[in-house]
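Input: a single structure, listed below in structure tokens.
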Amino acid sequence: MAGLKGDIVGDWKYDVSYTYGMSRETDQTEGAGNYLKLLQEWGLEPSNLGNLQDPNTTFTYNPNSCAGSAGCQQSSAFSTLSQQGAAYSNYTTINHSLYQLRDLNLRINNNHVAKMPWKNGGSFGLALGMEHRGESLNYTPDPNVVSGNTLTNTQGITSGGFNVTEGYLEGRLELLRNAFLARDLTIDAQGRYSSYSTFGSTKNWKASINWAPTQDISFRATLGTSFRQPNVYEMYGGQALSYETATDPCAQVSSYGTLSNAVQASCAKRGINTATFTQAGSGQVATTTGGNTKLRPETGRTYTFGAVLTPRWIKGFSTSVEFWHYTLQHMIDSLGTQYILDSCYTGADTGQCSYITRNSGGQLTNVNAIDENLGNMITSGIDWDLSYHLMVTTRDVFSIENNFQRLLSYKQQNTAGGQWYNYMGSLLYQNTAGETSGVPITRDYLTLSWQHGPLSVSYMVNYISGMRWNNGTANLQPVGTQRIKTPGMYLQDLSMTYTFNRWAFTGGIQNIANKKPPFVASATDNSVGGMYGSYYNGRYFFLQAGMNF
């Protein structure tokens with residue numbers, strides 16, 4: 001990064017900078033299986049060499065398929081390869097990626113453009129500027145991985161980028177300072193115009209007000225728009241083949257309760273007899289994922305209201321509470337494989353059926369789940385923060401820090417203009433759109449600390465409320481003793497730090513109670529790592545040393 005900053009005239013200041021960043025990576029994987037060479041050693045010749053992913057491919061047996069190929073060992077698919085045979089069918093994949101960022105910024109500001117002409121009037125400040133930013137990404141997997149000629153998942157090439165030119169203007173007006181019932185009364189307004197090379201221009205704005213009647217309390221409110229462009233991965237990410245945990249509805253019709261008849265009828269229309277049909281693939285379904293150049297930006301509206309209390313008569317104490325409400329449109333994400341299957345076969349959203357492919361035997365061969373603009377989302381909640389530092393002696397300080405979060409609503413459309421789903425208090429254990437782990441109603445983070453000279457001890461508790469399992473459309477209902485929810489979870493940690501000159505020595509215990517993660521139906525870890533990963537190691541002891549420079 002290079003830049004200049006300085007004074008223009010009076011209180012006007014400028015700041016101009018240019019940033020260039022690059023990340024280049026090459027990775028190699030040894031021992032990757034070459035699919036064609038393996039088939040050759042087994043004597044199996046595919047009917048469609050041009051598309052090895054074709055589910056209708058047939059094979060012809062050739063007992064002399066290795067003839068004329070040095071190192072090739074004629075083998076059987078029902079026996080172990082020899083060391084020489086394994087060496088012939090294995091190779092090293094080489095993948096390359098390059099990400100680049102270019103950013104030009106020009107900022108001009110003056111915090112004292114004018115002083116308000118009335119008694120106790122404050123200053124008017126102004127800031128304006130422009131930015132031109134460009135991002136590009138190129139990821140080139142090994143040619144054999146791109147063509148599907150490996151025993152790894154197929155991955156497409158990622159290549160693309162965008163640039164944006166923006167201009168912004170922000171004003172800050174101190175209406176009153178140190179006046180009666182107005183120790184501070186300030187309003188702030190800002191606007192931004194952006195022109196993207198990918199999808200045109202957009203305007204966004206935000207306005208806020210802060211009112212502190214006295215030194216002990218202040219009130220604040222904000223109202224504005226939000227905007228998120230699809231990133232280079234979401235727009236240009238190469239399509240890849242993944243095997244997602246999902247169950248074919250035609251293989252478990254009875255589990256759909258009142259919708260069983262609808263599922264059975266949908267399967268029958270596709271020539272599947274649900275009484276005899278069995279799903280192949282061990283509960284995994286081939287799913288195509290990746291970017292989408294047709295994506296549009298996420299947009300939204302935000303408003304918040306809050307208050308901060310810092311009473312002078314309780315030294316070291318402060319607390320704040322804030323209500324927030326977010327609305328998002330055109331959310332960028334991908335639908336879960338199970339959600340697509342369920343939506344199609346229950347009739348909840350028959351448009352999802354176009355993303356599902358079966359072979360002539362009725363087995364699922366692919367579900368298309370690339371990134372797309374989904375529906376809208378509405379959520380609101382309350383955050384309450386508390387901080388108290390009590391000096392017991394000249395060398396002893398006791399501290400309490402607590403952050404409490406309470407969700408009031410969480411509704412979401414998984415398709416544009418589609419049905420609204422209430423996900424509040426739900427654990428989305430099947431990788432559903434939007435939230436991919438869970439939406440707990442309550443979270444709380446508590447820290448108790450004691451500082452005695454160079455020694456400090458901290459006790460931390462993290463709480464997540466219990467959640468009902470949700471399959472993407474509804475919370476599961478109890479059937480006999482079937483498990484359908486997770487309990488509230490507490491995670492307790494303890495640490496101790498001793499400082500000596502520039503050194504800091506820290507030791508502690510994470511997950512003091514050796515709490516285990518709750519069971520959640522999953523083919524990978526029998527829980528949800530995104531939500532409960534901190535419990536996976538059990539009780540954990542650690543020691544570390546560091547130096548401050």
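Every chain in the structure tokens has a letter given in the order shown (A, B, ...), and although residue numbers restart at 1 in each chain, ligands are simply numbered from 1 in the order shown.
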Determine, counting only C-alpha atoms, which protein, DNA and RNA residues have an atom within 10 Å of an atom of Gln252 (chain A); residues of the same chain fewer than 4 positions away are not included. Present the result as a PDB file with C-alpha atoms, in the first residue's frame.
```pdb
ATOM      1  CA  THR A 247     -32.458 -39.636   1.890  1.00  0.00           C
ATOM      2  CA  ASP A 248     -34.496 -40.335  -1.229  1.00  0.00           C
ATOM      3  CA  TYR A 256     -43.615 -38.045   5.784  1.00  0.00           C
ATOM      4  CA  SER A 260     -47.007 -39.688   2.586  1.00  0.00           C
ATOM      5  CA  VAL A 263     -44.857 -38.356  -1.882  1.00  0.00           C
ATOM      6  CA  GLN A 264     -46.054 -41.774  -3.050  1.00  0.00           C
ATOM      7  CA  THR A 274     -42.217 -47.140  -3.336  1.00  0.00           C
ATOM      8  CA  ALA A 275     -43.150 -50.534  -1.847  1.00  0.00           C
ATOM      9  CA  PHE A 277     -37.706 -49.252  -4.026  1.00  0.00           C
ATOM     10  CA  THR A 278     -34.423 -49.066  -2.079  1.00  0.00           C
ATOM     11  CA  GLN A 279     -32.009 -46.141  -2.231  1.00  0.00           C
TER      12      GLN A 279
END
```
Quick one: residues within 7 Å of region 352-356 of chain A, only C-alpha atoms counted, chain neighbours fewer than 6 positions away excluded, as a count of residues only?
6
Please provide as a PyMOL selection string all residues within 8 Å of Arg301 (chain A), with the sequence filter that same-chain residues fewer than 4 positions apart are discarded (counting only C-alpha atoms).
chain A and resi 223-226+326-328
Generate a file of the selected residues that holds N, CA, C and O atoms, formatted as a JSON list (two decimals), in the first residue's frame.
```
[["chain", "number", "residue", "atom", "x", "y", "z"],
["A", 223, "LEU", "N", -31.22, 4.01, 11.17],
["A", 223, "LEU", "CA", -32.11, 3.54, 10.12],
["A", 223, "LEU", "C", -31.32, 3.60, 8.82],
["A", 223, "LEU", "O", -30.67, 4.61, 8.52],
["A", 224, "GLY", "N", -31.36, 2.53, 8.05],
["A", 224, "GLY", "CA", -30.60, 2.56, 6.81],
["A", 224, "GLY", "C", -30.83, 1.35, 5.94],
["A", 224, "GLY", "O", -31.59, 0.44, 6.29],
["A", 225, "THR", "N", -30.17, 1.36, 4.81],
["A", 225, "THR", "CA", -30.24, 0.24, 3.88],
["A", 225, "THR", "C", -28.97, -0.59, 3.98],
["A", 225, "THR", "O", -27.94, -0.12, 4.49],
["A", 226, "SER", "N", -29.04, -1.82, 3.50],
["A", 226, "SER", "CA", -27.86, -2.68, 3.46],
["A", 226, "SER", "C", -27.72, -3.24, 2.05],
["A", 226, "SER", "O", -28.70, -3.35, 1.30],
["A", 326, "TYR", "N", -33.67, -6.63, 11.14],
["A", 326, "TYR", "CA", -33.06, -6.70, 9.82],
["A", 326, "TYR", "C", -34.03, -7.35, 8.83],
["A", 326, "TYR", "O", -34.69, -8.34, 9.16],
["A", 327, "THR", "N", -34.07, -6.79, 7.64],
["A", 327, "THR", "CA", -34.82, -7.38, 6.54],
["A", 327, "THR", "C", -33.89, -7.53, 5.35],
["A", 327, "THR", "O", -33.25, -6.55, 4.94],
["A", 328, "LEU", "N", -33.78, -8.73, 4.80],
["A", 328, "LEU", "CA", -32.93, -8.99, 3.64],
["A", 328, "LEU", "C", -33.76, -9.48, 2.48],
["A", 328, "LEU", "O", -34.72, -10.24, 2.66]]
```
Give me the residues within 12 Å of Val145 (chain A) as a PyMOL selection string, counting only C-alpha atoms and dropping any in the same chain fewer than 2 places off.
chain A and resi 29+32-35+52-53+91-95+140-143+147-157+238-241
Residues from last step as file, N, CA and C atoms, as a tab-separated table (two decimals), in the first residue's frame:
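Done, and the output landed in part-v8.tsv:
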```
chain	number	residue	atom	x	y	z
A	29	THR	N	-1.48	-33.07	-4.46
A	29	THR	CA	-1.98	-34.21	-3.70
A	29	THR	C	-1.41	-35.49	-4.31
A	32	ALA	N	-3.35	-39.65	-5.80
A	32	ALA	CA	-4.72	-39.55	-6.32
A	32	ALA	C	-4.93	-40.63	-7.37
A	33	GLY	N	-6.08	-41.28	-7.33
A	33	GLY	CA	-6.33	-42.37	-8.26
A	33	GLY	C	-6.74	-41.88	-9.63
A	34	ASN	N	-6.10	-42.41	-10.68
A	34	ASN	CA	-6.48	-42.13	-12.06
A	34	ASN	C	-7.54	-43.15	-12.47
A	35	TYR	N	-8.77	-42.65	-12.67
A	35	TYR	CA	-9.92	-43.53	-12.89
A	35	TYR	C	-9.75	-44.39	-14.15
A	52	LEU	N	-17.25	-39.40	-18.41
A	52	LEU	CA	-17.15	-40.48	-17.43
A	52	LEU	C	-18.20	-40.36	-16.33
A	53	GLN	N	-18.88	-39.18	-16.26
A	53	GLN	CA	-19.92	-39.00	-15.25
A	53	GLN	C	-21.29	-39.47	-15.74
A	91	TYR	N	-1.36	-40.97	-9.30
A	91	TYR	CA	-0.55	-39.87	-9.80
A	91	TYR	C	-0.70	-38.69	-8.84
A	92	THR	N	-0.01	-37.60	-9.09
A	92	THR	CA	-0.04	-36.40	-8.24
A	92	THR	C	-0.83	-35.29	-8.93
A	93	THR	N	-1.90	-34.83	-8.28
A	93	THR	CA	-2.68	-33.71	-8.83
A	93	THR	C	-1.98	-32.40	-8.49
A	94	ILE	N	-2.09	-31.43	-9.39
A	94	ILE	CA	-1.49	-30.10	-9.19
A	94	ILE	C	-2.57	-29.06	-9.48
A	95	ASN	N	-2.93	-28.26	-8.46
A	95	ASN	CA	-3.94	-27.22	-8.59
A	95	ASN	C	-3.30	-25.85	-8.38
A	140	THR	N	-7.47	-23.09	-11.08
A	140	THR	CA	-7.39	-24.10	-12.13
A	140	THR	C	-7.02	-25.43	-11.51
A	141	PRO	N	-8.01	-26.32	-11.34
A	141	PRO	CA	-7.70	-27.64	-10.80
A	141	PRO	C	-6.92	-28.47	-11.82
A	142	ASP	N	-6.38	-29.57	-11.36
A	142	ASP	CA	-5.68	-30.50	-12.24
A	142	ASP	C	-6.61	-30.93	-13.39
A	143	PRO	N	-6.10	-31.02	-14.61
A	143	PRO	CA	-6.95	-31.40	-15.76
A	143	PRO	C	-7.72	-32.70	-15.54
A	147	SER	N	-11.85	-33.10	-15.68
A	147	SER	CA	-12.52	-34.03	-16.60
A	147	SER	C	-13.25	-35.16	-15.89
A	148	GLY	N	-13.05	-35.30	-14.56
A	148	GLY	CA	-13.68	-36.39	-13.83
A	148	GLY	C	-12.88	-37.67	-13.90
A	149	ASN	N	-11.66	-37.60	-14.37
A	149	ASN	CA	-10.83	-38.79	-14.54
A	149	ASN	C	-9.99	-39.09	-13.29
A	150	THR	N	-10.60	-38.91	-12.10
A	150	THR	CA	-9.91	-39.23	-10.85
A	150	THR	C	-10.91	-39.88	-9.91
A	151	LEU	N	-10.39	-40.40	-8.80
A	151	LEU	CA	-11.27	-40.95	-7.77
A	151	LEU	C	-11.68	-39.89	-6.76
A	152	THR	N	-11.31	-38.62	-7.02
A	152	THR	CA	-11.76	-37.49	-6.19
A	152	THR	C	-12.99	-36.87	-6.84
A	153	ASN	N	-13.62	-35.94	-6.13
A	153	ASN	CA	-14.79	-35.26	-6.68
A	153	ASN	C	-14.38	-34.34	-7.83
A	154	THR	N	-15.22	-34.26	-8.84
A	154	THR	CA	-14.96	-33.40	-9.99
A	154	THR	C	-15.06	-31.93	-9.58
A	155	GLN	N	-14.17	-31.10	-10.10
A	155	GLN	CA	-14.15	-29.67	-9.79
A	155	GLN	C	-13.92	-28.89	-11.06
A	156	GLY	N	-14.77	-27.87	-11.31
A	156	GLY	CA	-14.63	-27.03	-12.49
A	156	GLY	C	-13.65	-25.89	-12.27
A	157	ILE	N	-13.30	-25.21	-13.36
A	157	ILE	CA	-12.38	-24.07	-13.31
A	157	ILE	C	-13.12	-22.82	-12.84
A	238	GLY	N	-16.12	-22.45	-9.85
A	238	GLY	CA	-16.35	-23.59	-10.74
A	238	GLY	C	-17.27	-24.61	-10.11
A	239	GLN	N	-18.11	-25.22	-10.92
A	239	GLN	CA	-19.03	-26.22	-10.39
A	239	GLN	C	-18.27	-27.47	-9.98
A	240	ALA	N	-18.68	-28.04	-8.85
A	240	ALA	CA	-18.00	-29.21	-8.30
A	240	ALA	C	-19.03	-30.26	-7.93
A	241	LEU	N	-18.59	-31.48	-7.88
A	241	LEU	CA	-19.46	-32.59	-7.50
A	241	LEU	C	-19.20	-32.95	-6.04
```
For Met1 (chain A), find every residue with an atom within 7 Å (counting only C-alpha atoms), except residues of its own chain fewer than 2 positions away, and show them as an MDAnalysis selection string.
chainID A and resid 3 17:20
Go ahead and write the selection's residues with N, CA, C and O atoms as a short mmCIF file (atom, residue, chain, number, x, y, z; two decimals), in the first residue's frame.
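That gives us again16.cif:
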```
data_model
loop_
_atom_site.label_atom_id
_atom_site.label_comp_id
_atom_site.auth_asym_id
_atom_site.auth_seq_id
_atom_site.Cartn_x
_atom_site.Cartn_y
_atom_site.Cartn_z
N GLY A 3 0.55 5.72 -0.14
CA GLY A 3 -0.42 6.81 -0.06
C GLY A 3 0.18 8.09 0.48
O GLY A 3 1.35 8.14 0.89
N SER A 17 -4.75 6.82 -1.19
CA SER A 17 -3.94 5.60 -1.08
C SER A 17 -4.28 4.63 -2.21
O SER A 17 -5.38 4.67 -2.77
N TYR A 18 -3.32 3.78 -2.51
CA TYR A 18 -3.52 2.71 -3.49
C TYR A 18 -3.02 1.41 -2.88
O TYR A 18 -1.91 1.36 -2.32
N THR A 19 -3.83 0.38 -2.98
CA THR A 19 -3.50 -0.92 -2.40
C THR A 19 -3.54 -1.99 -3.47
O THR A 19 -4.48 -2.04 -4.27
N TYR A 20 -2.52 -2.83 -3.46
CA TYR A 20 -2.51 -3.99 -4.35
C TYR A 20 -2.20 -5.23 -3.50
O TYR A 20 -1.27 -5.22 -2.69
#
```
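The shortest atom-to-atom distance to Tyr445 (chain A), with only C-alpha atoms taken into account, belongs to A:Asp385 out of A:Asp371, A:Asp385, A:Glu25, A:Glu174.
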Among region 427-541 of chain A, which residues carry a DSSP assignment of strand (DSSP E or B), reported as a ChimeraX atom specification?
/A:427-428,438,442-452,455-464,467-470,475,485-486,489-500,503-510,540-541
Proximity to Gly237 (chain A) - best of A:Ala70, A:Ser136, A:Glu30, A:Lys315, only C-alpha atoms
A:Ser136
What does the structure give for the distance between CA of Pro518 (chain A) and CA of Pro487 (chain A), in Å to one decimal?
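Calculated distance between CA of Pro518 (chain A) and CA of Pro487 (chain A) is 7.5 Å.
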